[in-house]
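**Student:** coords_15.tsv is the file, holding TSV, C-alpha atoms:
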```
chain	number	residue	atom	x	y	z
A	1	MET	CA	30.43	-100.06	-120.13
A	2	ASP	CA	32.75	-100.88	-117.27
A	3	VAL	CA	30.46	-102.52	-114.71
A	4	ALA	CA	32.80	-101.81	-111.84
A	5	LYS	CA	32.47	-98.07	-112.36
A	6	ASN	CA	28.67	-97.74	-112.35
A	7	LYS	CA	27.05	-95.92	-109.48
A	8	TYR	CA	23.32	-95.76	-108.94
A	9	SER	CA	21.68	-92.77	-107.27
A	10	ILE	CA	18.26	-93.74	-105.93
A	11	ILE	CA	16.01	-90.74	-105.46
A	12	VAL	CA	13.14	-91.27	-103.04
A	13	PRO	CA	10.79	-88.33	-102.53
A	14	THR	CA	9.06	-88.57	-99.16
A	15	TYR	CA	6.22	-86.94	-97.31
A	16	ASN	CA	5.12	-88.47	-94.02
A	17	GLU	CA	6.84	-91.79	-94.58
A	18	ARG	CA	8.62	-92.21	-91.29
A	19	LEU	CA	8.13	-95.96	-91.15
A	20	ASN	CA	8.25	-96.75	-94.84
A	21	ILE	CA	11.51	-94.92	-95.47
A	22	ALA	CA	13.28	-97.10	-92.90
A	23	LEU	CA	11.81	-100.27	-94.40
A	24	ILE	CA	12.71	-99.24	-97.91
A	25	VAL	CA	16.29	-98.38	-96.98
A	26	TYR	CA	16.71	-101.76	-95.31
A	27	LEU	CA	15.32	-103.56	-98.37
A	28	ILE	CA	17.49	-101.61	-100.79
A	29	PHE	CA	20.60	-102.53	-98.85
A	30	LYS	CA	19.41	-106.12	-98.68
A	31	HIS	CA	18.92	-106.46	-102.44
A	32	LEU	CA	21.83	-104.39	-103.74
A	33	ARG	CA	24.69	-105.99	-101.90
A	34	ASP	CA	27.43	-105.74	-104.51
A	35	VAL	CA	26.31	-102.53	-106.12
A	36	ASP	CA	27.69	-99.04	-105.67
A	37	PHE	CA	24.71	-96.88	-104.82
A	38	GLU	CA	23.45	-93.97	-102.77
A	39	ILE	CA	19.95	-93.17	-101.59
A	40	ILE	CA	18.85	-89.56	-101.86
A	41	VAL	CA	15.85	-88.81	-99.65
A	42	VAL	CA	14.05	-85.67	-100.72
A	43	ASP	CA	11.72	-84.94	-97.86
A	44	ASP	CA	9.22	-82.10	-98.17
A	45	GLY	CA	9.21	-81.00	-94.55
A	46	SER	CA	7.27	-83.98	-93.19
A	47	PRO	CA	5.64	-83.19	-89.88
A	48	ASP	CA	5.74	-86.83	-88.74
A	49	GLY	CA	9.47	-86.95	-88.08
A	50	THR	CA	10.57	-88.68	-91.31
A	51	GLN	CA	13.81	-86.71	-91.29
A	52	GLU	CA	14.69	-87.86	-87.78
A	53	VAL	CA	14.33	-91.47	-88.88
A	54	VAL	CA	16.51	-90.78	-91.92
A	55	LYS	CA	19.21	-89.39	-89.65
A	56	GLN	CA	19.09	-92.59	-87.58
A	57	LEU	CA	19.46	-94.57	-90.80
A	58	GLN	CA	22.43	-92.41	-91.72
A	59	ASN	CA	24.07	-93.36	-88.43
A	60	LEU	CA	23.51	-96.99	-89.25
A	61	TYR	CA	24.43	-97.09	-92.93
A	62	GLY	CA	26.64	-94.06	-93.38
A	63	GLU	CA	26.05	-90.53	-94.56
A	64	ASP	CA	27.78	-91.31	-97.83
A	65	ARG	CA	25.18	-93.97	-98.63
A	66	ILE	CA	22.10	-92.07	-97.46
A	67	LEU	CA	21.80	-88.44	-98.40
A	68	LEU	CA	19.10	-86.36	-96.78
A	69	ARG	CA	18.29	-83.39	-98.96
A	70	PRO	CA	15.06	-81.94	-97.60
A	71	ARG	CA	12.90	-79.07	-98.74
A	72	ALA	CA	10.82	-76.70	-96.69
A	73	LYS	CA	7.40	-77.82	-97.85
A	74	LYS	CA	5.47	-79.95	-100.31
A	75	LEU	CA	6.67	-78.75	-103.67
A	76	GLY	CA	5.73	-81.53	-106.06
A	77	LEU	CA	7.29	-84.60	-107.55
A	78	GLY	CA	8.98	-83.13	-110.60
A	79	THR	CA	10.89	-80.57	-108.62
A	80	ALA	CA	11.74	-83.25	-106.05
A	81	TYR	CA	13.51	-85.23	-108.76
A	82	ILE	CA	15.29	-82.14	-110.04
A	83	HIS	CA	16.38	-81.34	-106.49
A	84	GLY	CA	17.58	-84.90	-105.96
A	85	LEU	CA	19.41	-84.89	-109.28
A	86	LYS	CA	21.53	-81.93	-108.18
A	87	HIS	CA	22.98	-84.07	-105.40
A	88	ALA	CA	23.30	-87.30	-107.36
A	89	SER	CA	26.84	-88.49	-107.86
A	90	GLY	CA	25.99	-91.66	-109.75
A	91	ASN	CA	25.93	-92.11	-113.52
A	92	PHE	CA	22.54	-93.79	-113.20
A	93	VAL	CA	19.46	-92.55	-111.38
A	94	VAL	CA	16.60	-94.64	-110.05
A	95	ILE	CA	13.31	-93.07	-109.10
A	96	MET	CA	10.87	-94.91	-106.90
A	97	ASP	CA	8.03	-94.31	-104.48
A	98	ALA	CA	8.60	-94.35	-100.75
A	99	ASP	CA	5.43	-96.15	-99.74
A	100	LEU	CA	6.66	-99.66	-100.57
A	101	SER	CA	4.37	-100.02	-103.58
A	102	HIS	CA	7.69	-100.30	-105.43
A	103	HIS	CA	9.69	-103.16	-103.99
A	104	PRO	CA	13.48	-102.81	-103.98
A	105	LYS	CA	13.83	-106.49	-104.87
A	106	TYR	CA	13.31	-105.50	-108.49
A	107	LEU	CA	16.31	-103.17	-108.52
A	108	PRO	CA	18.75	-105.91	-109.61
A	109	ASN	CA	16.41	-106.66	-112.55
A	110	PHE	CA	16.48	-103.04	-113.64
A	111	ILE	CA	20.25	-102.93	-113.43
A	112	LYS	CA	20.68	-106.22	-115.25
A	113	LYS	CA	18.31	-105.19	-118.03
A	114	GLN	CA	20.18	-101.96	-118.56
A	115	LEU	CA	23.56	-103.69	-118.66
A	116	GLU	CA	22.29	-106.30	-121.10
A	117	THR	CA	20.66	-103.89	-123.51
A	118	GLY	CA	22.53	-100.63	-122.98
A	119	ALA	CA	19.15	-98.92	-122.65
A	120	SER	CA	18.92	-95.27	-121.66
A	121	ILE	CA	15.81	-95.91	-119.61
A	122	VAL	CA	14.46	-99.04	-117.95
A	123	THR	CA	10.88	-98.65	-116.81
A	124	GLY	CA	8.90	-100.97	-114.57
A	125	THR	CA	5.62	-102.22	-115.96
A	126	ARG	CA	2.79	-103.68	-113.95
A	127	TYR	CA	0.76	-104.79	-116.93
A	128	VAL	CA	2.77	-107.63	-118.45
A	129	THR	CA	3.18	-111.27	-117.47
A	130	GLY	CA	5.50	-111.46	-114.53
A	131	GLY	CA	4.22	-108.14	-113.28
A	132	GLY	CA	0.99	-107.39	-111.54
A	133	VAL	CA	-1.02	-105.33	-109.13
A	134	HIS	CA	-2.48	-106.25	-105.76
A	135	GLY	CA	-5.08	-104.24	-103.90
A	136	TRP	CA	-7.18	-102.91	-106.75
A	137	ASN	CA	-10.86	-103.66	-107.05
A	138	LEU	CA	-12.63	-104.27	-110.35
A	139	MET	CA	-13.54	-100.61	-110.87
A	140	ARG	CA	-9.98	-99.51	-110.35
A	141	LYS	CA	-8.66	-102.14	-112.75
A	142	LEU	CA	-11.25	-101.11	-115.32
A	143	THR	CA	-10.28	-97.47	-115.07
A	144	SER	CA	-6.62	-98.34	-115.33
A	145	ARG	CA	-7.14	-100.58	-118.33
A	146	GLY	CA	-9.41	-98.06	-120.07
A	147	ALA	CA	-6.93	-95.28	-119.46
A	148	ASN	CA	-4.13	-97.42	-120.80
A	149	VAL	CA	-5.97	-98.40	-123.99
A	150	LEU	CA	-6.88	-94.78	-124.62
A	151	ALA	CA	-3.31	-93.65	-124.10
A	152	GLN	CA	-1.94	-96.41	-126.35
A	153	THR	CA	-4.40	-95.53	-129.13
A	154	LEU	CA	-3.82	-91.79	-128.94
A	155	LEU	CA	-0.15	-91.55	-128.11
A	156	TRP	CA	1.63	-94.69	-129.39
A	157	PRO	CA	4.02	-94.31	-126.47
A	158	GLY	CA	6.13	-97.42	-126.94
A	159	VAL	CA	5.74	-98.57	-123.34
A	160	SER	CA	3.02	-100.63	-121.73
A	161	ASP	CA	2.82	-98.77	-118.40
A	162	LEU	CA	2.72	-95.01	-118.83
A	163	THR	CA	1.95	-93.80	-115.34
A	164	GLY	CA	4.45	-96.00	-113.54
A	165	SER	CA	7.12	-94.22	-111.55
A	166	PHE	CA	9.59	-97.01	-110.88
A	167	ARG	CA	12.33	-96.27	-113.39
A	168	LEU	CA	16.06	-96.38	-114.00
A	169	TYR	CA	17.57	-93.62	-116.11
A	170	LYS	CA	21.01	-92.82	-117.34
A	171	LYS	CA	21.68	-89.63	-115.45
A	172	SER	CA	22.29	-87.54	-118.57
A	173	VAL	CA	19.05	-88.80	-120.10
A	174	LEU	CA	17.02	-87.92	-117.01
A	175	GLU	CA	18.53	-84.46	-116.95
A	176	ASP	CA	17.66	-83.98	-120.61
A	177	VAL	CA	14.08	-85.23	-120.37
A	178	ILE	CA	13.17	-83.61	-117.07
A	179	SER	CA	14.14	-80.18	-118.32
A	180	CYS	CA	11.30	-80.22	-120.86
A	181	CYS	CA	8.53	-81.63	-118.66
A	182	VAL	CA	6.04	-79.28	-117.08
A	183	SER	CA	3.14	-81.45	-115.95
A	184	LYS	CA	2.25	-82.35	-112.39
A	185	GLY	CA	1.46	-85.60	-110.64
A	186	TYR	CA	1.13	-88.78	-112.60
A	187	VAL	CA	0.77	-86.89	-115.88
A	188	PHE	CA	4.34	-85.85	-115.19
A	189	GLN	CA	5.42	-89.51	-115.27
A	190	MET	CA	3.57	-89.94	-118.55
A	191	GLU	CA	5.14	-86.85	-120.01
A	192	MET	CA	8.62	-88.04	-119.05
A	193	ILE	CA	8.35	-91.38	-120.74
A	194	VAL	CA	6.53	-90.08	-123.83
A	195	ARG	CA	9.07	-87.29	-124.36
A	196	ALA	CA	11.88	-89.77	-123.93
A	197	SER	CA	10.26	-92.05	-126.46
A	198	ARG	CA	9.82	-89.20	-128.94
A	199	LYS	CA	13.45	-88.22	-128.53
A	200	GLY	CA	14.40	-91.69	-129.62
A	201	TYR	CA	15.94	-92.88	-126.36
A	202	HIS	CA	16.28	-96.65	-126.02
A	203	ILE	CA	13.66	-97.71	-123.48
A	204	GLU	CA	13.35	-101.20	-122.03
A	205	GLU	CA	10.76	-102.62	-119.64
A	206	VAL	CA	10.94	-105.02	-116.71
A	207	PRO	CA	7.88	-106.55	-115.04
A	208	ILE	CA	7.24	-105.33	-111.51
A	209	THR	CA	4.60	-106.10	-108.97
A	210	PHE	CA	2.79	-103.25	-107.33
A	211	VAL	CA	1.16	-103.70	-103.94
A	212	ASP	CA	-1.14	-100.75	-103.45
A	213	ARG	CA	-1.07	-100.05	-99.75
A	214	VAL	CA	-2.71	-96.66	-99.85
A	215	PHE	CA	-5.72	-97.80	-101.85
A	216	GLY	CA	-8.79	-96.39	-100.28
A	217	SER	CA	-7.11	-93.15	-99.44
A	218	SER	CA	-6.12	-92.41	-103.01
A	219	LYS	CA	-9.43	-91.95	-104.70
A	220	LEU	CA	-9.84	-92.01	-108.44
A	221	GLY	CA	-12.61	-89.49	-108.82
A	222	GLY	CA	-14.02	-87.47	-111.66
A	223	SER	CA	-11.45	-84.75	-111.30
A	224	GLU	CA	-8.59	-87.25	-111.69
A	225	ILE	CA	-10.17	-88.57	-114.86
A	226	VAL	CA	-10.53	-85.06	-116.25
A	227	GLU	CA	-6.90	-84.32	-115.37
A	228	TYR	CA	-5.87	-87.50	-117.15
A	229	LEU	CA	-7.79	-86.65	-120.31
A	230	LYS	CA	-6.38	-83.14	-120.31
A	231	GLY	CA	-2.95	-84.66	-119.91
A	232	LEU	CA	-3.48	-86.93	-122.91
A	233	VAL	CA	-4.57	-84.05	-125.10
A	234	TYR	CA	-1.64	-81.97	-123.90
A	235	LEU	CA	0.78	-84.79	-124.74
A	236	MET	CA	-0.79	-85.33	-128.15
A	237	ILE	CA	-0.32	-81.69	-129.02
A	238	THR	CA	3.09	-81.03	-127.57
A	239	THR	CA	5.08	-84.22	-128.15
B	1	MET	CA	6.49	-83.76	-135.87
B	2	LYS	CA	4.02	-83.39	-133.04
B	3	HIS	CA	2.01	-86.52	-132.46
B	4	VAL	CA	-1.34	-84.88	-133.13
B	5	LEU	CA	-0.03	-83.92	-136.57
B	6	LYS	CA	0.91	-87.55	-137.22
B	7	LEU	CA	-2.61	-88.60	-136.34
B	8	LEU	CA	-4.10	-85.87	-138.52
B	9	SER	CA	-2.00	-86.84	-141.53
B	10	LEU	CA	-3.09	-90.44	-141.05
B	11	LEU	CA	-6.68	-89.20	-141.05
B	12	VAL	CA	-6.02	-87.20	-144.21
B	13	VAL	CA	-4.62	-90.28	-145.96
B	14	ILE	CA	-7.61	-92.37	-144.94
B	15	SER	CA	-9.99	-89.62	-146.09
B	16	ALA	CA	-8.20	-89.40	-149.43
B	17	LEU	CA	-8.61	-93.14	-149.88
B	18	TRP	CA	-12.28	-92.82	-149.02
B	19	ILE	CA	-12.83	-90.01	-151.52
B	20	GLY	CA	-10.91	-92.02	-154.07
B	21	LEU	CA	-13.26	-94.93	-153.50
B	22	LEU	CA	-16.26	-92.63	-153.90
B	23	GLN	CA	-14.92	-91.37	-157.22
B	24	ALA	CA	-13.88	-94.75	-158.56
B	25	SER	CA	-17.15	-96.45	-157.70
B	26	ILE	CA	-15.62	-99.89	-157.28
B	27	ILE	CA	-17.98	-100.38	-154.36
B	28	PRO	CA	-21.60	-99.16	-154.70
B	29	GLN	CA	-21.86	-95.49	-153.56
B	30	SER	CA	-24.37	-96.25	-150.83
B	31	HIS	CA	-21.86	-98.53	-149.12
B	32	THR	CA	-18.96	-96.17	-149.60
B	33	TRP	CA	-20.77	-93.32	-147.88
B	34	LEU	CA	-21.15	-95.47	-144.81
B	35	LEU	CA	-17.49	-96.49	-144.60
B	36	PRO	CA	-16.49	-93.75	-142.15
B	37	ILE	CA	-19.24	-94.91	-139.80
B	38	TYR	CA	-18.06	-98.50	-140.07
B	39	PHE	CA	-14.53	-97.33	-139.39
B	40	ILE	CA	-15.44	-95.40	-136.26
B	41	VAL	CA	-17.64	-98.19	-134.93
B	42	SER	CA	-14.90	-100.75	-135.58
B	43	LEU	CA	-12.40	-98.56	-133.78
B	44	GLY	CA	-14.79	-98.28	-130.84
B	45	CYS	CA	-15.37	-102.02	-130.76
B	46	TYR	CA	-11.67	-102.70	-130.97
B	47	GLY	CA	-11.08	-100.34	-128.06
B	48	LEU	CA	-13.76	-102.02	-125.96
B	49	LEU	CA	-12.35	-105.41	-126.84
B	50	MET	CA	-8.87	-104.37	-125.75
B	51	VAL	CA	-10.25	-103.04	-122.48
B	52	GLY	CA	-12.26	-106.21	-121.89
B	53	VAL	CA	-9.43	-108.59	-122.74
B	54	GLY	CA	-7.00	-106.57	-120.71
B	55	LEU	CA	-9.34	-106.60	-117.77
B	56	MET	CA	-9.76	-110.38	-117.95
B	57	ARG	CA	-6.02	-110.93	-118.23
B	58	PHE	CA	-5.12	-108.23	-115.69
B	59	PRO	CA	-2.10	-109.60	-113.89
B	60	THR	CA	-2.60	-109.81	-110.14
B	61	CYS	CA	-0.19	-110.88	-107.47
B	62	PRO	CA	-1.89	-111.67	-104.17
B	63	GLU	CA	1.17	-113.57	-102.99
B	64	GLU	CA	3.13	-110.34	-103.16
B	65	ALA	CA	1.13	-108.80	-100.35
B	66	LEU	CA	2.13	-111.71	-98.15
B	67	LEU	CA	5.78	-111.51	-99.16
B	68	LEU	CA	5.72	-107.81	-98.45
B	69	GLN	CA	4.39	-108.42	-94.94
B	70	GLN	CA	7.26	-110.84	-94.34
B	71	ASP	CA	9.76	-108.31	-95.65
B	72	ILE	CA	8.31	-105.64	-93.41
B	73	ALA	CA	8.57	-107.88	-90.35
B	74	GLU	CA	12.17	-108.76	-91.20
B	75	ALA	CA	13.06	-105.12	-91.73
B	76	LYS	CA	11.43	-104.00	-88.49
B	77	ASP	CA	13.29	-106.64	-86.48
B	78	PHE	CA	16.65	-105.69	-87.90
B	79	LEU	CA	16.15	-101.96	-87.58
B	80	LYS	CA	14.79	-102.15	-84.04
B	81	GLN	CA	17.93	-104.03	-83.01
B	82	LYS	CA	20.09	-101.35	-84.55
B	83	GLY	CA	18.30	-98.54	-82.79
B	84	VAL	CA	16.24	-97.12	-85.63
B	85	ASP	CA	12.81	-95.99	-84.56
B	86	VAL	CA	10.25	-98.20	-86.30
B	87	GLY	CA	7.24	-97.44	-84.17
B	88	SER	CA	4.10	-97.42	-86.29
B	89	ASP	CA	3.01	-94.15	-87.83
```
How does the structure come out when it is put into structure tokens?

**Tutor:**
Amino acid sequence: MDVAKNKYSIIVPTYNERLNIALIVYLIFKHLRDVDFEIIVVDDGSPDGTQEVVKQLQNLYGEDRILLRPRAKKLGLGTAYIHGLKHASGNFVVIMDADLSHHPKYLPNFIKKQLETGASIVTGTRYVTGGGVHGWNLMRKLTSRGANVLAQTLLWPGVSDLTGSFRLYKKSVLEDVISCCVSKGYVFQMEMIVRASRKGYHIEEVPITFVDRVFGSSKLGGSEIVEYLKGLVYLMITT
Amino acid sequence: MKHVLKLLSLLVVISALWIGLLQASIIPQSHTWLLPIYFIVSLGCYGLLMVGVGLMRFPTCPEEALLLQQDIAEAKDFLKQKGVDVGSD
């Protein structure tokens, strides 16, 4: 693949991230100096003025590098990616969270891994050496580990981190996989990677560190666990 | 093939082996009847072991929180200079 011709479209769904979006844009530009990329901000009508900040960033970095493609209200992650995809002009698409739990400094690793291996998908994993999580207490780690072992046993997914949402896709692959996924929330991320694995796409992993800054406000309660189990059963039956 | 079907066919194969063992009587019948229980218990123990080991070896990165704070400070400085509103939310 001709390296000079690759363009990376980075889709960042936002809701009330007026500070984080500015920080993330700065860090992306800092770490991707010699790369052709664009950032597509899909904002779901944030009331905190996120879109105003994005417009200021556009003045600074250029409207060709930062695309603001908002929606009227909170419509969910899956549709946010689909919406962002429509405006993506790159041949690769990166999806990442806006709250700085995904650090842009790993973007060069994703790109390098893909170029080295020709993979269709490069997914970030928090659970291998070189990766890691900060900000989780013992209970949270236990739940995460238990959920992961269960998913590995039941689904044989071929990746170590199923619910992660820091990924690089070939654009055509993302379009293909996203069209068959119907779940919501983090089960959606699981469904994406499992379906891709079943379809035989070449998937590689890079270690990433995850600093959970919203821990405490994102509870893992009984209903989340039930959703997760339902998601596992759904994936077992339909993939 | 849907994944659940893969798992079911695996189960069928294992069951066939078990029935075969019952018929062939290589192992005393009393032991053979208990094999499924041993299998399930072993699976459970293996699962618990994997959870326990994984929990012990759970990779953490406390230094990353610090690095992130530094990155945030650097970003705020730069953006403030350039007129982007980085007041706290």

**Student:** Of the candidates A:Leu32, A:Val128, A:Val187, A:Leu60, which shows the shortest atom-to-atom distance to Pro207 of chain A, using all atoms listed in the file?

**Tutor:** A:Val128

**Student:** Any idea which chain A residues end up within 6 Å of chain B if we count only C-alpha atoms, as a list in words please?

**Tutor:**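 That gives Leu19, Leu23, Gln56, Gly132, Val133, His134, Arg145, Gly146, Met236, Ile237 and Thr239 of chain A for chain A.
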
**Student:** If I take atom CA of Ile225 of chain A and atom CA of Glu205 of chain A, how far is one from the other in Å, to one decimal?

**Tutor:**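 It comes out at 25.7 Å.
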
**Student:** Counting only C-alpha atoms, which residues have an atom no more than 12 Å from (4.8, -91.3, -95.3) in the file's coordinates? Please list them as JSON, numbers by chain.

**Tutor:** {"A": [12, 13, 14, 15, 16, 17, 18, 19, 20, 21, 22, 23, 24, 43, 44, 45, 46, 47, 48, 49, 50, 51, 53, 97, 98, 99, 100, 213, 214], "B": [88, 89]}

**Student:** What does the structure give for the distance between atom CA of Lys171 of chain A and atom CA of Pro104 of chain A, in Å to one decimal?

**Tutor:** 19.3 Å

**Student:** One decimal, in Å: what's the spacing between atom CA of Tyr228 of chain A and atom CA of Leu138 of chain A?

**Tutor:**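 Value for the atom CA of Tyr228 of chain A-atom CA of Leu138 of chain A distance: 19.3 Å.
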
**Student:** Check the smallest atom-to-atom distance from each of A:Trp136, A:Phe166, A:Phe37, A:Tyr81 to His102 of chain A using only C-alpha atoms, then report the winner.

**Tutor:**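 Answer, going by the shortest atom-to-atom distance: A:Phe166.
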